[in-house]
Number of protein chains: 2
Amino acid sequence: MKVHNFSAGPCVLPSSVLRQAADAVLNFDDLNLSLIEISHRSKNFVKVMEEAQQLVRDLMDVPESYSILFLQGGASLEFIMVPYNLLREGGTAAYLDTGTWAKSAVKEARRLGNVNVVASSADKNYSYIPKGFEIPEDVDYFHTTSNNTIFGTQMKEFPRFSGIKVCDMSSDIMSRRINVADFDLIYAGAQKNIGPAGATLVIVKNEILGKNGRDIPAYLNYQTHIDKESMFNTPPVFSIYVSMLTMRWLKESGGVDFIEQVNKQKAELIYNEIDRNPLFTGTAAIEDRSTMNACFLPTESVNTEEFDRMWKEAGISGITGHRSAGGYRASMYNALEPESVKVLVDVMRDYEKLKG
Amino acid sequence: MKVHNFSAGPCVLPSSVLRQAADAVLNFDDLNLSLIEISHRSKNFVKVMEEAQQLVRDLMDVPESYSILFLQGGASLEFIMVPYNLLREGGTAAYLDTGTWAKSAVKEARRLGNVNVVASSADKNYSYIPKGFEIPEDVDYFHTTSNNTIFGTQMKEFPRFSGIKVCDMSSDIMSRRINVADFDLIYAGAQKNIGPAGATLVIVKNEILGKNGRDIPAYLNYQTHIDKESMFNTPPVFSIYVSMLTMRWLKESGGVDFIEQVNKQKAELIYNEIDRNPLFTGTAAIEDRSTMNACFLPTESVNTEEFDRMWKEAGISGITGHRSAGGYRASMYNALEPESVKVLVDVMRDYEKLKG
């Protein structure tokens with residue numbers, strides 16, 4: 001039976017990618033060796049790394065003045081790498097607080113300097129994206145989180161700011177067209193739209209580095225990794241390979257512009273049902289709804305045991321909401337087929353009829 | 001044709017492990033989902049993490065007072081995590097300089113305090129392990145590297161020291177019996193004896209943490225990961241799973257004591273040939289020779305093109321020496337079968353006959 005995998009991450013990957021990944025674990029490039037037992041400095045793996053970097057450049061139209069890195073430690077390590085590389089001693093950074101991850105990023109930056117939280121939606125359990133706030137022009141950088149997995153909100157526009165702009169795009173990178181040149185540093189854990197857990201994508205404008213006067217630990221210094229072409233130390237070989245395959249799949253499927261349309265359709269399908277069906281309520285402000293994570297609550301009329309049994313019987317997996325938000329969360333990353341959203345919508349309708 | 005994989009890391013893994021890993025990429029635990037598309041918080045993956053930790057505990061006899069973590073960033077990130085967690089502001093750490101990686105560890109520690117390099121074998125291109133040096137008792141900790149992959153040396157004994165002892169065991173962990181209780185912090189990149197690249201094993205005595213008075217970034221703080229049972233953020237799922245399988249294989253094969261005997265036999269086989277065959281010379285001091293990495297140079301009589309062609313024809317892969325050492329390096333990690341060493345020894349003998 002087909003499983004409809006709505007997991008919030010690690011999450012669904014294209015089945016063709018999984019088949020190729022399994023093959024490479026057994027025999028890579030006809031070497032009679034596994035992908036995971038060859039040297040990362042072998043020409044076979046160097047080719048993988050180069051193709052992965054080139055695919056990021058092509059898919060996202062990354063200008064030549066930016067470097068592309070595959071690191072380790074996830075967004076959580078980036079939270080401290082960003083201030084280490086960009087915050088001056090005694091300097092101030094501006095952060096927009098739109099959820100759990102944004103808050104964690106603020107906490108780490110505070111260890112190295114001052115943080116000005118320019119706006120926060122904590123007052124309404126992060127159910128909206130703050131707007132109309134001021135960003136002081138003299139801060140070292142301005143940090144945003146483009147999509148908030150836990151609360152199902154997404155920034156549709158990014159505030160104007162003339163200084164350095166940093167964005168954590170972990171949960172919506174490559175799901176929609178963004179103009180890379182509008183940012184100076186973009187980072188994203190791979191485990192949503194890029195590939196499996198274990199790699200972190202970093203896209204950084206070279207000229208912003210080396211200017212904050214800090215002595216930066218080697219691994220935490222973006223320049224270290226740029227100088228070594230993302231091979232400063234043994235990279236997460238398997239995660240990078242599968243990310244490369246997933247990006248190849250995305251490119252062959254039609255690229256970011258194509259998938260953005262598919263993602264919009266999937267999101268429309270589920271949000272239309274949430275708004276129509278009297279048994280469920282969406283939690284995020286309508287204009288800030290994420291195309292990646294649709295969060296909704298059952299009304300009092302719902303017997304959640306009954307409803308849960310129904311979606312499980314339909315082969316749906318992973319729609320239980322995060323403990324900070326409750327209810328349900330349907331995560332619809334790039335590789336989730338529209339068919340799966342239809343199945344969920346059908347279950348919601350069938351449940352409404354049952355309660356009828 | 002069977003490939004004899006002497007790669008220095010990432011390196012050979014048991015073929016049964018590779019088959020199970022490939023299966024799990026297609027369908028894990030009969031979930032009809034891939035291992036790499038399920039939540040790291042699912043009960044199926046939590047079980048993997050727990051079994052991996054228990055296997056480390058069983059295989060290495062880790063006392064209950066130590067925590068076992070699987071992190072990211074490799075030994076290179078540990079180089080800064082160690083001083084962050086153990087070095088006081090203005091404090092001094094003692095390091096033994098036995099090679100390239102030890103030197104990198106010193107460099108990172110110097111960013112956070114004083115380092116006393118108690119001894120170094122840099123004078124003879126790291127071809128031996130320094131002995132008979134003094135370790136001041138008032139340092140915050142003493143750091144060693146148990147095996148030096150690049151130069152083929154290995155510490156057979158660890159100096160007596162009453163303070164905190166830290167050891168980078170990246171390239172010989174689980175290859176021989178060590179008494180964990182003789183150390184306070186052990187770390188190792190997974191990609192030699194433990195599994196594939198992308199995970200770092202840390203074994204840490206709980207009571208040594210939280211005592212140096214520093215504000216430690218969350219990801220770099222061992223306590224963060226202990227508190228979250230190694231699930232502070234999304235862990236490198238695939239690398240941990242394959243490490244778990246590899247440790248299962250090791251346990252089923254007879255454990256560390258058994259593999260230590262096999263490793264000794266493999267090492268004897270190659271070193272006997274290096275010493276016997278007039279065409280080759282070992283580079284490491286005999287008493288410090290590594291059982292993991294045997295480094296040797298061709299004498300002037302060797303036509304390396306001829307010799308290289310011969311071992312390649314025999315299916316041997318990965319014995320070119322590191323650029324800092326030159327010559328050849330046969331890496332013989334746990335999963336390398338004795339048969340492969342015999343094939344290499346035969347090629348060395350055949351080449352001697354040819355030159356006859």
# chains A, B, ... in the order shown; residues from 1 in each chain; ligands from 1
>>> residues_around(residues="stretch 93-106 of chain A", least_positions_apart="5", cutoff="8 Å", atoms="only C-alpha atoms", output="ChimeraX atom specification")
/A:76,79-80,87,113-122,126,128-130,135-136,139-145,148,150-151
>>> residues_around(residues="A:Asn44", least_positions_apart="3", cutoff="9 Å", atoms="only C-alpha atoms", output="list in words")
Phe28, Asp29, Leu35, Ile38, Ser39, His40, Arg41, Lys47 and Val48 of chain A
>>> write_last_selection(atoms="C-alpha atoms", output="mmCIF file, in the first residue's frame")
data_model
loop_
_atom_site.group_PDB
_atom_site.id
_atom_site.type_symbol
_atom_site.label_atom_id
_atom_site.label_comp_id
_atom_site.auth_asym_id
_atom_site.auth_seq_id
_atom_site.Cartn_x
_atom_site.Cartn_y
_atom_site.Cartn_z
ATOM 1 C CA PHE A 28 28.776 3.244 -7.243
ATOM 2 C CA ASP A 29 29.808 4.342 -10.745
ATOM 3 C CA LEU A 35 29.496 5.129 -2.594
ATOM 4 C CA ILE A 38 35.283 5.416 -1.342
ATOM 5 C CA SER A 39 37.523 8.371 -0.540
ATOM 6 C CA HIS A 40 35.837 11.749 -0.599
ATOM 7 C CA ARG A 41 38.899 12.897 -2.558
ATOM 8 C CA LYS A 47 32.404 14.968 -9.407
ATOM 9 C CA VAL A 48 29.354 14.460 -7.168
#
>>> interface_residues(of="chain A", to="chain B", cutoff="6 Å", atoms="only C-alpha atoms", output="list in words")
Gly9, Pro10, Cys11, Val12, Ala22, Val25, Ile36, Glu37, Ile38, Ser39, Gln72, Gly73, Leu77, Pro196, Ala197, Gly198, Tyr219 and Pro236 of chain A
>>> residues_around(residues="B:Ile178", least_positions_apart="6", cutoff="12 Å", atoms="only C-alpha atoms", output="list in words")
Leu59, Met60, Asp61, Val62, Ser146, Met155, Lys156, Glu157, Phe158, Cys167, Met169, Asp172, Ile186, Val256, Asp257 and Glu260 of chain B
